[in-house]
file target.cif (mmCIF, C-alpha atoms)
data_data
#
loop_
_atom_site.label_atom_id
_atom_site.label_comp_id
_atom_site.auth_asym_id
_atom_site.auth_seq_id
_atom_site.Cartn_x
_atom_site.Cartn_y
_atom_site.Cartn_z
CA MET A 28 23.29 -12.64 2.50
CA ASP A 29 24.52 -10.30 -0.17
CA THR A 30 24.46 -6.50 -0.02
CA LYS A 31 21.17 -6.28 -1.88
CA MET A 32 19.44 -8.55 0.61
CA ILE A 33 20.79 -6.57 3.57
CA LEU A 34 19.60 -3.35 1.92
CA GLY A 35 16.17 -4.93 1.40
CA LEU A 36 15.96 -5.96 5.05
CA GLY A 37 17.08 -2.53 6.30
CA THR A 38 14.68 -0.68 4.01
CA GLY A 39 11.87 -2.98 5.15
CA VAL A 40 12.60 -2.38 8.84
CA LEU A 41 12.44 1.40 8.37
CA PHE A 42 9.31 1.16 6.19
CA GLY A 43 7.51 -1.17 8.60
CA PHE A 44 8.51 0.92 11.63
CA ALA A 45 7.19 4.11 10.03
CA LEU A 46 3.92 2.49 8.90
CA HIS A 47 3.38 1.07 12.39
CA ARG A 48 3.98 4.43 14.07
CA ALA A 49 1.66 6.10 11.55
CA GLY A 50 -1.09 3.76 12.79
CA PHE A 51 -1.37 1.26 9.94
CA SER A 52 -1.16 -1.92 12.00
CA ARG A 53 -4.90 -1.74 12.61
CA CYS A 54 -7.61 -2.03 9.99
CA GLY A 55 -9.53 0.98 11.28
CA ILE A 56 -7.28 3.60 9.68
CA VAL A 57 -8.04 2.31 6.18
CA MET A 58 -11.72 1.67 6.88
CA ARG A 59 -12.26 5.17 8.31
CA GLY A 60 -10.29 6.60 5.40
CA LEU A 61 -12.43 4.90 2.77
CA ALA A 62 -15.57 5.90 4.67
CA LEU A 63 -14.26 9.51 4.39
CA ARG A 64 -14.63 9.76 8.14
CA GLU A 65 -11.10 10.98 8.78
CA PHE A 66 -8.15 11.38 6.50
CA THR A 67 -5.07 10.08 8.32
CA MET A 68 -4.57 7.33 5.73
CA LEU A 69 -4.67 9.78 2.83
CA LYS A 70 -2.54 12.37 4.61
CA VAL A 71 0.26 9.86 5.35
CA MET A 72 0.08 8.33 1.89
CA LEU A 73 0.02 11.61 -0.05
CA THR A 74 2.81 13.14 2.07
CA ALA A 75 4.98 10.08 1.40
CA ILE A 76 4.20 10.26 -2.33
CA ALA A 77 5.00 14.00 -2.50
CA VAL A 78 8.37 13.56 -0.74
CA GLY A 79 9.24 10.55 -2.89
CA MET A 80 8.16 12.39 -6.04
CA VAL A 81 10.53 15.31 -5.46
CA GLY A 82 13.30 12.94 -4.36
CA ALA A 83 12.92 10.71 -7.42
CA ALA A 84 12.97 13.72 -9.76
CA VAL A 85 16.01 15.26 -8.04
CA LEU A 86 17.86 11.94 -8.29
CA ALA A 87 16.87 11.47 -11.93
CA THR A 88 17.88 15.02 -12.84
CA PHE A 89 21.13 15.52 -10.92
CA PHE A 90 22.30 12.03 -9.90
CA PRO A 91 21.11 9.70 -12.67
CA ASP A 92 23.51 6.98 -11.46
CA TYR A 93 21.52 6.77 -8.24
CA ALA A 94 18.06 6.92 -9.81
CA HIS A 95 16.99 3.28 -9.92
CA LEU A 96 13.55 4.06 -11.24
CA LYS A 97 11.15 1.33 -12.28
CA VAL A 98 8.09 2.63 -14.11
CA LYS A 99 5.36 0.02 -14.46
CA PRO A 100 3.76 -0.54 -17.88
CA LEU A 101 0.30 0.86 -18.50
CA TYR A 102 -1.76 -2.17 -19.56
CA VAL A 103 -5.23 -0.76 -19.21
CA GLY A 104 -7.40 -3.89 -18.74
CA GLY A 105 -5.41 -5.62 -16.00
CA ILE A 106 -4.75 -2.43 -14.09
CA ILE A 107 -8.42 -1.40 -14.04
CA VAL A 108 -9.77 -4.86 -13.16
CA GLY A 109 -6.94 -5.53 -10.72
CA GLY A 110 -7.41 -2.11 -9.14
CA LEU A 111 -11.14 -2.71 -8.68
CA ILE A 112 -10.55 -6.13 -7.05
CA PHE A 113 -7.85 -4.54 -4.90
CA GLY A 114 -10.16 -1.71 -3.81
CA VAL A 115 -12.92 -4.11 -2.75
CA GLY A 116 -10.38 -6.24 -0.84
CA MET A 117 -8.76 -3.28 0.86
CA SER A 118 -12.07 -1.89 2.06
CA ILE A 119 -13.26 -5.16 3.61
CA ALA A 120 -9.89 -6.13 5.07
CA GLY A 121 -8.75 -2.67 6.14
CA TYR A 122 -5.29 -3.66 4.97
CA CYS A 123 -3.15 -3.46 1.86
CA PRO A 124 -0.32 -5.97 1.22
CA GLY A 125 2.19 -3.80 3.10
CA THR A 126 0.08 -2.84 6.10
CA ALA A 127 -1.04 -6.45 6.60
CA LEU A 128 2.62 -7.27 7.29
CA VAL A 129 2.75 -4.35 9.71
CA GLY A 130 -0.34 -5.72 11.45
CA LEU A 131 1.33 -9.13 11.68
CA GLY A 132 4.53 -7.65 13.13
CA GLY A 133 2.49 -5.47 15.46
CA GLY A 134 0.75 -8.54 16.87
CA ILE A 135 -2.70 -7.77 15.48
CA ARG A 136 -4.78 -10.86 14.68
CA ASP A 137 -6.56 -9.33 11.67
CA GLY A 138 -3.21 -8.40 10.11
CA ALA A 139 -2.02 -12.01 10.42
CA LEU A 140 -5.28 -13.24 8.86
CA ALA A 141 -4.93 -10.77 5.99
CA VAL A 142 -1.37 -12.05 5.35
CA MET A 143 -2.70 -15.62 5.22
CA GLY A 144 -5.47 -14.60 2.82
CA ALA A 145 -2.87 -12.76 0.75
CA MET A 146 -0.68 -15.87 0.48
CA LEU A 147 -3.69 -17.83 -0.74
CA GLY A 148 -4.60 -15.02 -3.15
CA SER A 149 -1.11 -15.07 -4.66
CA PHE A 150 -1.30 -18.84 -5.02
CA ALA A 151 -4.62 -18.46 -6.87
CA PHE A 152 -3.07 -15.85 -9.14
CA ILE A 153 -0.10 -18.11 -9.95
CA LEU A 154 -2.62 -20.70 -11.15
CA ALA A 155 -4.85 -18.18 -12.97
CA TYR A 156 -2.06 -16.28 -14.76
CA PRO A 157 -1.99 -18.36 -17.99
CA THR A 158 -5.74 -17.77 -18.40
CA LEU A 159 -5.70 -14.07 -17.53
CA GLU A 160 -2.55 -12.99 -19.34
CA PRO A 161 -3.87 -13.12 -22.93
CA VAL A 162 -7.12 -11.40 -21.94
CA LEU A 163 -6.17 -8.65 -19.49
CA ILE A 164 -2.39 -8.22 -19.50
CA LYS A 165 -1.16 -8.57 -23.09
CA PRO A 166 -3.72 -6.39 -24.92
CA MET A 167 -3.90 -2.60 -24.59
CA ASP A 168 -0.39 -2.27 -23.19
CA PHE A 169 0.88 1.27 -23.68
CA GLY A 170 4.25 0.55 -22.09
CA LYS A 171 6.11 2.53 -19.44
CA VAL A 172 4.62 5.99 -19.87
CA THR A 173 4.99 8.87 -17.44
CA LEU A 174 3.13 12.13 -17.05
CA HIS A 175 6.15 14.31 -17.85
CA GLU A 176 6.85 12.34 -21.05
CA VAL A 177 3.26 12.71 -22.20
CA LEU A 178 3.32 16.43 -21.42
CA GLY A 179 6.78 16.83 -22.91
CA LEU A 180 7.93 18.82 -19.87
CA PRO A 181 11.00 18.44 -17.62
CA HIS A 182 10.66 15.69 -15.00
CA LEU A 183 11.69 17.92 -12.08
CA MET A 184 9.28 20.68 -13.01
CA VAL A 185 6.26 18.35 -13.27
CA ALA A 186 7.29 16.65 -10.02
CA LEU A 187 7.51 19.96 -8.13
CA VAL A 188 4.11 21.11 -9.41
CA MET A 189 2.42 17.77 -8.65
CA ALA A 190 4.04 17.51 -5.21
CA SER A 191 2.84 21.03 -4.36
CA LEU A 192 -0.68 20.15 -5.46
CA LEU A 193 -0.59 16.97 -3.35
CA MET A 194 0.60 18.85 -0.27
CA GLY A 195 -2.09 21.46 -0.85
CA LEU A 196 -4.64 18.66 -0.85
CA VAL A 197 -3.08 17.18 2.31
CA PHE A 198 -3.33 20.44 4.24
CA TRP A 199 -6.92 20.91 3.06
CA LEU A 200 -7.77 17.38 4.32
CA ASN A 201 -6.02 18.26 7.57
CA ARG A 202 -8.24 21.29 7.97
CA LEU A 203 -11.32 19.13 7.41
CA ASP A 204 -10.05 16.76 10.12
CA ALA A 205 -9.46 19.68 12.47
CA GLN A 206 -12.93 21.12 11.83
CA ARG A 207 -14.47 17.77 12.73
CA GLY A 208 -12.52 17.88 15.97
CA THR A 209 -10.42 14.82 15.36
CA MET B 28 -21.97 13.28 3.54
CA ILE B 29 -21.30 9.59 3.72
CA ALA B 30 -19.46 9.96 7.00
CA ASP B 31 -22.61 11.09 8.78
CA ASN B 32 -24.39 7.86 7.93
CA LEU B 33 -22.14 5.76 10.11
CA ASN B 34 -23.59 4.70 13.43
CA ALA B 35 -20.30 4.31 15.18
CA PRO B 36 -18.97 7.00 17.52
CA THR B 37 -17.05 9.67 15.70
CA GLN B 38 -14.01 10.12 17.89
CA THR B 39 -11.02 8.94 15.99
CA ALA B 40 -7.92 7.03 16.69
CA THR B 41 -4.98 9.06 15.60
CA THR B 42 -1.84 7.60 17.03
CA THR B 43 -0.35 10.94 17.93
CA ALA B 44 1.65 10.19 21.05
CA HIS B 45 2.81 13.73 21.61
CA LYS B 46 0.78 16.87 21.27
CA LYS B 47 3.69 19.15 20.38
CA GLY B 48 6.06 18.88 17.45
CA LEU B 49 5.15 17.61 14.04
CA PRO B 50 1.78 15.88 13.71
CA SER B 51 2.20 12.12 13.56
CA TRP B 52 0.91 11.83 9.97
CA LEU B 53 3.36 14.47 8.72
CA ALA B 54 6.36 13.02 10.54
CA TRP B 55 5.77 9.40 9.53
CA GLY B 56 4.46 10.20 6.06
CA GLY B 57 7.60 12.26 5.45
CA MET B 58 9.69 9.42 6.87
CA ILE B 59 8.12 6.93 4.43
CA GLY B 60 8.98 9.38 1.63
CA LEU B 61 12.61 9.39 2.79
CA VAL B 62 12.64 5.57 2.92
CA GLN B 63 11.38 5.65 -0.66
CA ILE B 64 14.23 7.94 -1.73
CA PHE B 65 16.71 5.62 0.02
CA ALA B 66 15.21 2.62 -1.79
CA ILE B 67 15.42 4.35 -5.19
CA ALA B 68 18.98 5.51 -4.55
CA THR B 69 20.13 2.02 -3.55
CA VAL B 70 18.16 -0.70 -5.39
CA GLN B 71 14.65 0.05 -6.69
CA PRO B 72 11.42 1.81 -5.65
CA LEU B 73 9.38 0.31 -2.81
CA GLY B 74 7.09 -2.53 -3.82
CA VAL B 75 5.56 -5.15 -1.58
CA SER B 76 3.16 -7.39 -3.46
CA THR B 77 5.62 -9.21 -5.80
CA ALA B 78 7.27 -10.77 -2.78
CA TYR B 79 4.13 -12.67 -1.78
CA PRO B 80 3.98 -14.97 -4.86
CA GLN B 81 7.79 -15.19 -4.77
CA LEU B 82 7.60 -16.50 -1.22
CA VAL B 83 4.58 -18.71 -1.93
CA GLY B 84 6.30 -20.09 -5.03
CA TYR B 85 9.48 -20.71 -3.05
CA LEU B 86 7.57 -22.65 -0.38
CA ALA B 87 5.44 -24.55 -2.91
CA ASP B 88 8.58 -25.50 -4.80
CA LYS B 89 10.06 -26.95 -1.58
CA ILE B 90 6.95 -29.06 -1.05
CA VAL B 91 6.33 -30.00 -4.69
CA PRO B 92 9.70 -29.95 -6.51
CA GLY B 93 9.35 -28.45 -9.98
CA PHE B 94 6.38 -26.24 -9.04
CA ALA B 95 8.22 -23.02 -9.93
CA GLN B 96 9.41 -24.48 -13.24
CA SER B 97 5.94 -25.49 -14.36
CA HIS B 98 4.17 -22.20 -13.63
CA PRO B 99 4.72 -19.37 -16.14
CA TYR B 100 4.02 -16.61 -13.62
CA LEU B 101 6.74 -17.85 -11.28
CA GLN B 102 9.17 -18.09 -14.17
CA LYS B 103 8.35 -14.49 -15.01
CA ILE B 104 8.87 -13.00 -11.53
CA GLY B 105 11.44 -15.53 -10.30
CA VAL B 106 11.11 -17.31 -6.98
CA GLY B 107 13.45 -17.28 -4.04
CA ILE B 108 14.81 -14.85 -1.52
CA GLY B 109 15.97 -11.47 -2.84
CA TRP B 110 15.59 -7.75 -2.12
CA GLU B 111 11.78 -7.89 -2.31
CA THR B 112 11.33 -10.86 0.03
CA MET B 113 13.84 -9.37 2.49
CA LEU B 114 11.86 -6.11 2.33
CA ILE B 115 8.65 -7.78 3.49
CA LEU B 116 10.44 -9.74 6.23
CA GLY B 117 11.99 -6.43 7.30
CA MET B 118 8.57 -4.79 7.43
CA VAL B 119 7.26 -7.41 9.86
CA LEU B 120 10.40 -6.93 11.96
CA GLY B 121 10.16 -3.13 11.80
CA ALA B 122 6.54 -3.16 12.97
CA PHE B 123 7.51 -5.52 15.79
CA LEU B 124 10.37 -3.21 16.86
CA SER B 125 8.05 -0.21 16.78
CA ARG B 126 5.56 -2.02 18.97
CA VAL B 127 8.05 -3.15 21.61
CA THR B 128 9.73 0.27 21.82
CA GLN B 129 6.52 2.26 22.03
CA ARG B 130 6.38 3.76 25.52
CA ARG B 131 2.70 3.30 25.88
CA SER B 132 0.08 2.10 23.50
CA SER B 133 -1.72 5.18 22.30
CA CYS B 134 -4.40 3.01 20.74
CA GLY B 135 -6.32 0.40 22.71
CA GLU B 136 -8.92 -2.02 21.41
CA THR B 137 -11.71 0.48 22.00
CA CYS B 138 -10.28 3.01 19.58
CA GLU B 139 -10.59 0.65 16.64
CA ASN B 140 -13.62 2.71 15.64
CA VAL B 141 -14.46 0.93 12.40
CA PRO B 142 -17.65 1.23 10.35
CA SER B 143 -20.58 -0.50 12.02
CA LEU B 144 -20.45 -3.49 9.69
CA PHE B 145 -17.01 -4.40 11.06
CA GLN B 146 -17.60 -3.86 14.75
CA SER B 147 -17.97 -7.57 15.34
CA SER B 148 -14.67 -9.34 15.79
CA THR B 149 -15.80 -12.28 13.62
CA ALA B 150 -16.79 -9.96 10.78
CA ARG B 151 -13.36 -8.33 10.92
CA ALA B 152 -11.62 -11.71 10.90
CA ILE B 153 -13.54 -12.92 7.85
CA GLY B 154 -13.10 -9.55 6.16
CA ALA B 155 -9.35 -9.62 6.80
CA PHE B 156 -8.91 -13.08 5.30
CA VAL B 157 -11.19 -12.63 2.27
CA GLY B 158 -9.95 -9.08 1.72
CA GLY B 159 -6.37 -10.32 2.02
CA PHE B 160 -7.06 -12.82 -0.75
CA LEU B 161 -8.53 -10.10 -2.99
CA ILE B 162 -5.77 -7.52 -2.46
CA LEU B 163 -3.07 -9.94 -3.57
CA PHE B 164 -5.05 -11.31 -6.49
CA GLY B 165 -5.89 -7.77 -7.61
CA ALA B 166 -2.38 -6.44 -7.01
CA ARG B 167 -0.79 -9.20 -9.08
CA LEU B 168 -3.26 -8.69 -11.91
CA ALA B 169 -2.49 -4.96 -11.87
CA ASN B 170 1.24 -5.59 -11.34
CA GLY B 171 1.45 -3.54 -8.17
CA CYS B 172 -0.25 -2.53 -4.93
CA THR B 173 -0.48 0.55 -2.75
CA SER B 174 3.32 0.53 -2.51
CA GLY B 175 4.33 -0.28 -6.07
CA HIS B 176 1.62 1.62 -7.91
CA MET B 177 0.80 4.43 -5.49
CA LEU B 178 3.83 5.25 -3.31
CA SER B 179 6.29 4.39 -6.09
CA GLY B 180 4.24 4.70 -9.27
CA LEU B 181 2.86 8.13 -8.47
CA ALA B 182 6.22 9.28 -7.11
CA GLN B 183 7.65 8.47 -10.56
CA LEU B 184 4.65 10.13 -12.25
CA ALA B 185 3.79 6.82 -13.94
CA LEU B 186 0.42 6.85 -15.68
CA SER B 187 -0.13 3.23 -14.59
CA GLY B 188 -0.07 4.47 -10.98
CA PHE B 189 -2.75 7.10 -11.62
CA LEU B 190 -5.01 4.53 -13.32
CA PHE B 191 -4.54 2.00 -10.51
CA GLY B 192 -5.19 4.64 -7.85
CA ALA B 193 -8.39 5.79 -9.55
CA SER B 194 -9.89 2.31 -9.95
CA MET B 195 -8.82 1.20 -6.47
CA PHE B 196 -10.35 4.23 -4.74
CA ALA B 197 -13.50 4.02 -6.86
CA ALA B 198 -14.05 0.39 -5.83
CA GLY B 199 -13.04 1.02 -2.20
CA LEU B 200 -15.33 4.01 -1.72
CA LEU B 201 -18.22 2.22 -3.43
CA THR B 202 -17.80 -0.94 -1.32
CA VAL B 203 -17.80 1.04 1.92
CA TRP B 204 -20.79 3.07 0.77
CA ILE B 205 -22.81 -0.05 -0.12
CA GLY B 206 -21.72 -1.74 3.12
CA THR B 207 -22.83 1.25 5.15
CA LYS B 208 -26.22 1.38 3.43
CA ARG B 209 -26.81 -2.33 3.94
CA SER B 210 -25.82 -2.32 7.58
CA GLN B 211 -28.34 0.43 8.24
CA ALA B 212 -31.19 -1.28 6.45
#
call {"tool": "encode", "arguments": {"input": "target.cif", "output": "structure tokens"}}
result
Amino acid sequence: MDTKMILGLGTGVLFGFALHRAGFSRCGIVMRGLALREFTMLKVMLTAIAVGMVGAAVLATFFPDYAHLKVKPLYVGGIIVGGLIFGVGMSIAGYCPGTALVGLGGGIRDGALAVMGAMLGSFAFILAYPTLEPVLIKPMDFGKVTLHEVLGLPHLMVALVMASLLMGLVFWLNRLDAQRGT
Amino acid sequence: MIADNLNAPTQTATTTAHKKGLPSWLAWGGMIGLVQIFAIATVQPLGVSTAYPQLVGYLADKIVPGFAQSHPYLQKIGVGIGWETMLILGMVLGAFLSRVTQRRSSCGETCENVPSLFQSSTARAIGAFVGGFLILFGARLANGCTSGHMLSGLAQLALSGFLFGASMFAAGLLTVWIGTKRSQA
């Protein structure tokens, strides 16, 4: 194993441990979240995004050598259609690709089944890619665009504003949860 | 409010093991953010769903030699064991370690508390498998999942992440809403 593989394994262990402790090994957390019944899923997700957002901007601004960013291209068709398929799948499984693995590691049957379905889904996509690529992936590709580029504002500034907004939303959701006595 | 339409009991299953200190969601959400910063500082932002076809392609290539060569998608993403595949193996291991070191399970079977449609174990099993299929197919079409597009994409302020998040939540909320209506009919 080279250094990169060891780093991948270590990062995965920490990520999986944290997701498990946050309650993502079971499908209920996602299902309740999408039913807007309680907001643990959103609170964990948005907190993680806010912390990562500030961290990524700080790295990019002050330590560019350590900012291994990887912005994904904005190809409108594939992202919308893929996102819709993903949303339907996530709401009936109660898992996303990452939390299914956490369910598997946590010994939950449904997580293991979701991982199996996911393997089959990736196999289907490998076969479907030549058909889908010219229709949904190649056209309407706007490239790797970010919010701060579009706005023409400093990365760190936009990140701090967005992260504050996200945390504001998180604490508002937390108040809703508290009012419902959860 | 959609939430009031659900028949299931409303007590929820937060996994807060301790009443004092940081709430569980804040502690572990913040921890995932720190893991993200570590990943960016060392190799690349967190992303889970690419590793699935990489692993599937790797296995298929072992069974049918030349499989990876003859499929354009596998040529594009590359098959084999690298950072991404080690990440997903690590996640399974990390969840396992969390489970075996947890002092007591704060969440038994009864606290699953899912929408009424999924209270039957068979329904959940079918949902998990079919949903699992859809999340990977959708994630590969969109070039990312909750990790790559949301945790990482939004953290980098990528517009692709915002678009993915919007369409995913729209479809997810709508599916649950329709499911809830149907199960009450």
call {"tool": "residues_around", "arguments": {"input": "target.cif", "residues": "region 158-173 of chain B", "least_positions_apart": "2", "cutoff": "7 Å", "atoms": "all atoms listed in the file", "output": "list in words"}}
result
Gly105, Ile106, Gly109, Gly110, Ile112, Phe113, Gly116, Met117, Ile119, Ala120, Cys123, Pro124, Ala141, Val142, Gly144, Ala145, Leu147, Gly148, Ser149 and Phe152 of chain A; Ser76, Gly154, Ala155, Phe156, Gly175, His176, Met177 and Leu178 of chain B
call {"tool": "resolve_selection", "arguments": {"input": "target.cif", "expression": "the PyMOL selection byres ((chain A and resi 81) around 8)", "output": "MDAnalysis selection string"}}
result
(chainID A and resid 77:80 82:85 183 186:187 190) or (chainID B and resid 182)
call {"tool": "resolve_selection", "arguments": {"input": "target.cif", "expression": "the PyMOL selection byres ((chain B and resi 95-106) around 10)", "output": "MDAnalysis selection string"}}
result
(chainID A and resid 152:157 160) or (chainID B and resid 77:89 91:94 107:109 112 167)
call {"tool": "atom_distance", "arguments": {"input": "target.cif", "atom1": "CA of Leu101 (chain A)", "atom2": "CA of Met167 (chain A)"}}
result
8.2 Å
call {"tool": "resolve_selection", "arguments": {"input": "target.cif", "expression": "the PyMOL selection byres ((chain B and resi 64-70) around 7)", "output": "list of chain:residue names"}}
result
A:Thr38, A:Gly79, A:Gly82, A:Ala83, A:Tyr93, A:Ala94, A:His95, A:Leu96, B:Gly60, B:Leu61, B:Val62, B:Gln63, B:Gln71, B:Pro72, B:Leu73
call {"tool": "closest_residue", "arguments": {"input": "target.cif", "among": "B:Gly56, B:Thr207, B:Gly48, B:Ala193", "to": "chain A", "atoms": "only C-alpha atoms"}}
result
B:Gly56
call {"tool": "atom_distance", "arguments": {"input": "target.cif", "atom1": "CA of Gly114 (chain A)", "atom2": "CA of Leu193 (chain A)"}}
result
21.0 Å
call {"tool": "closest_residue", "arguments": {"input": "target.cif", "among": "A:Leu200, A:Leu159, A:Ala75, A:Met194", "to": "chain B", "atoms": "all atoms listed in the file"}}
result
A:Ala75
call {"tool": "atom_distance", "arguments": {"input": "target.cif", "atom1": "CA of Gly74 (chain B)", "atom2": "CA of Leu114 (chain B)"}}
result
8.6 Å
call {"tool": "closest_residue", "arguments": {"input": "target.cif", "among": "B:Gln146, B:Ile115, B:Gly121, B:Leu184", "to": "Pro181 (chain A)", "atoms": "all atoms listed in the file"}}
result
B:Leu184
call {"tool": "closest_residue", "arguments": {"input": "target.cif", "among": "B:Gly206, B:Gly188, B:Gly117, B:Pro50", "to": "chain A", "atoms": "only C-alpha atoms"}}
result
B:Gly117
call {"tool": "closest_residue", "arguments": {"input": "target.cif", "among": "B:Val127, B:Ile90, B:Ala54, B:Leu200", "to": "chain A", "atoms": "all atoms listed in the file"}}
result
B:Leu200
call {"tool": "closest_residue", "arguments": {"input": "target.cif", "among": "B:Ala122, B:Met195, B:Leu116, B:Ile205", "to": "Val108 (chain A)", "atoms": "only C-alpha atoms"}}
result
B:Met195
call {"tool": "build_atoms", "arguments": {"input": "target.cif", "residues": "region 93-100 of chain A", "atoms": "all heavy atoms", "output": "PDB file, keeping the file's coordinate frame"}}
result
ATOM      1  N   TYR A  93      22.179   7.247  -9.453  1.00  0.00           N
ATOM      2  CA  TYR A  93      21.520   6.770  -8.240  1.00  0.00           C
ATOM      3  C   TYR A  93      19.994   6.726  -8.394  1.00  0.00           C
ATOM      4  O   TYR A  93      19.284   6.537  -7.418  1.00  0.00           O
ATOM      5  CB  TYR A  93      21.891   7.649  -7.039  1.00  0.00           C
ATOM      6  CG  TYR A  93      23.339   7.489  -6.649  1.00  0.00           C
ATOM      7  CD1 TYR A  93      24.312   8.365  -7.107  1.00  0.00           C
ATOM      8  CD2 TYR A  93      23.721   6.420  -5.845  1.00  0.00           C
ATOM      9  CE1 TYR A  93      25.641   8.200  -6.773  1.00  0.00           C
ATOM     10  CE2 TYR A  93      25.053   6.248  -5.501  1.00  0.00           C
ATOM     11  CZ  TYR A  93      26.009   7.140  -5.978  1.00  0.00           C
ATOM     12  OH  TYR A  93      27.321   6.960  -5.636  1.00  0.00           O
ATOM     13  N   ALA A  94      19.512   6.934  -9.606  1.00  0.00           N
ATOM     14  CA  ALA A  94      18.060   6.920  -9.810  1.00  0.00           C
ATOM     15  C   ALA A  94      17.644   5.567 -10.372  1.00  0.00           C
ATOM     16  O   ALA A  94      17.546   5.394 -11.579  1.00  0.00           O
ATOM     17  CB  ALA A  94      17.646   8.053 -10.737  1.00  0.00           C
ATOM     18  N   HIS A  95      17.420   4.610  -9.484  1.00  0.00           N
ATOM     19  CA  HIS A  95      16.990   3.280  -9.920  1.00  0.00           C
ATOM     20  C   HIS A  95      15.485   3.252 -10.050  1.00  0.00           C
ATOM     21  O   HIS A  95      14.789   2.618  -9.256  1.00  0.00           O
ATOM     22  CB  HIS A  95      17.471   2.216  -8.924  1.00  0.00           C
ATOM     23  CG  HIS A  95      18.953   2.218  -8.738  1.00  0.00           C
ATOM     24  ND1 HIS A  95      19.571   2.781  -7.647  1.00  0.00           N
ATOM     25  CD2 HIS A  95      19.947   1.757  -9.520  1.00  0.00           C
ATOM     26  CE1 HIS A  95      20.879   2.659  -7.754  1.00  0.00           C
ATOM     27  NE2 HIS A  95      21.143   2.038  -8.879  1.00  0.00           N
ATOM     28  N   LEU A  96      14.999   3.980 -11.056  1.00  0.00           N
ATOM     29  CA  LEU A  96      13.550   4.060 -11.240  1.00  0.00           C
ATOM     30  C   LEU A  96      13.043   2.800 -11.924  1.00  0.00           C
ATOM     31  O   LEU A  96      13.785   2.088 -12.600  1.00  0.00           O
ATOM     32  CB  LEU A  96      13.194   5.303 -12.066  1.00  0.00           C
ATOM     33  CG  LEU A  96      13.638   6.643 -11.468  1.00  0.00           C
ATOM     34  CD1 LEU A  96      13.159   7.789 -12.336  1.00  0.00           C
ATOM     35  CD2 LEU A  96      13.124   6.815 -10.048  1.00  0.00           C
ATOM     36  N   LYS A  97      11.766   2.533 -11.713  1.00  0.00           N
ATOM     37  CA  LYS A  97      11.150   1.330 -12.280  1.00  0.00           C
ATOM     38  C   LYS A  97       9.691   1.660 -12.570  1.00  0.00           C
ATOM     39  O   LYS A  97       8.816   1.445 -11.736  1.00  0.00           O
ATOM     40  CB  LYS A  97      11.266   0.191 -11.264  1.00  0.00           C
ATOM     41  CG  LYS A  97      11.161  -1.202 -11.865  1.00  0.00           C
ATOM     42  CD  LYS A  97      11.514  -2.221 -10.790  1.00  0.00           C
ATOM     43  CE  LYS A  97      10.666  -3.456 -10.868  1.00  0.00           C
ATOM     44  NZ  LYS A  97      10.844  -4.328  -9.698  1.00  0.00           N
ATOM     45  N   VAL A  98       9.455   2.237 -13.736  1.00  0.00           N
ATOM     46  CA  VAL A  98       8.090   2.630 -14.110  1.00  0.00           C
ATOM     47  C   VAL A  98       7.347   1.391 -14.600  1.00  0.00           C
ATOM     48  O   VAL A  98       7.865   0.628 -15.416  1.00  0.00           O
ATOM     49  CB  VAL A  98       8.120   3.726 -15.194  1.00  0.00           C
ATOM     50  CG1 VAL A  98       6.719   4.037 -15.696  1.00  0.00           C
ATOM     51  CG2 VAL A  98       8.785   4.982 -14.653  1.00  0.00           C
ATOM     52  N   LYS A  99       6.140   1.207 -14.084  1.00  0.00           N
ATOM     53  CA  LYS A  99       5.360   0.020 -14.460  1.00  0.00           C
ATOM     54  C   LYS A  99       4.577   0.279 -15.743  1.00  0.00           C
ATOM     55  O   LYS A  99       4.062   1.370 -15.944  1.00  0.00           O
ATOM     56  CB  LYS A  99       4.396  -0.348 -13.336  1.00  0.00           C
ATOM     57  CG  LYS A  99       5.113  -0.850 -12.083  1.00  0.00           C
ATOM     58  CD  LYS A  99       4.124  -1.094 -10.966  1.00  0.00           C
ATOM     59  CE  LYS A  99       4.808  -1.401  -9.641  1.00  0.00           C
ATOM     60  NZ  LYS A  99       5.411  -2.738  -9.607  1.00  0.00           N
ATOM     61  N   PRO A 100       4.479  -0.724 -16.615  1.00  0.00           N
ATOM     62  CA  PRO A 100       3.760  -0.540 -17.880  1.00  0.00           C
ATOM     63  C   PRO A 100       2.267  -0.287 -17.665  1.00  0.00           C
ATOM     64  O   PRO A 100       1.672  -0.783 -16.712  1.00  0.00           O
ATOM     65  CB  PRO A 100       3.981  -1.863 -18.620  1.00  0.00           C
ATOM     66  CG  PRO A 100       4.352  -2.845 -17.569  1.00  0.00           C
ATOM     67  CD  PRO A 100       5.053  -2.072 -16.496  1.00  0.00           C
TER      68      PRO A 100
END
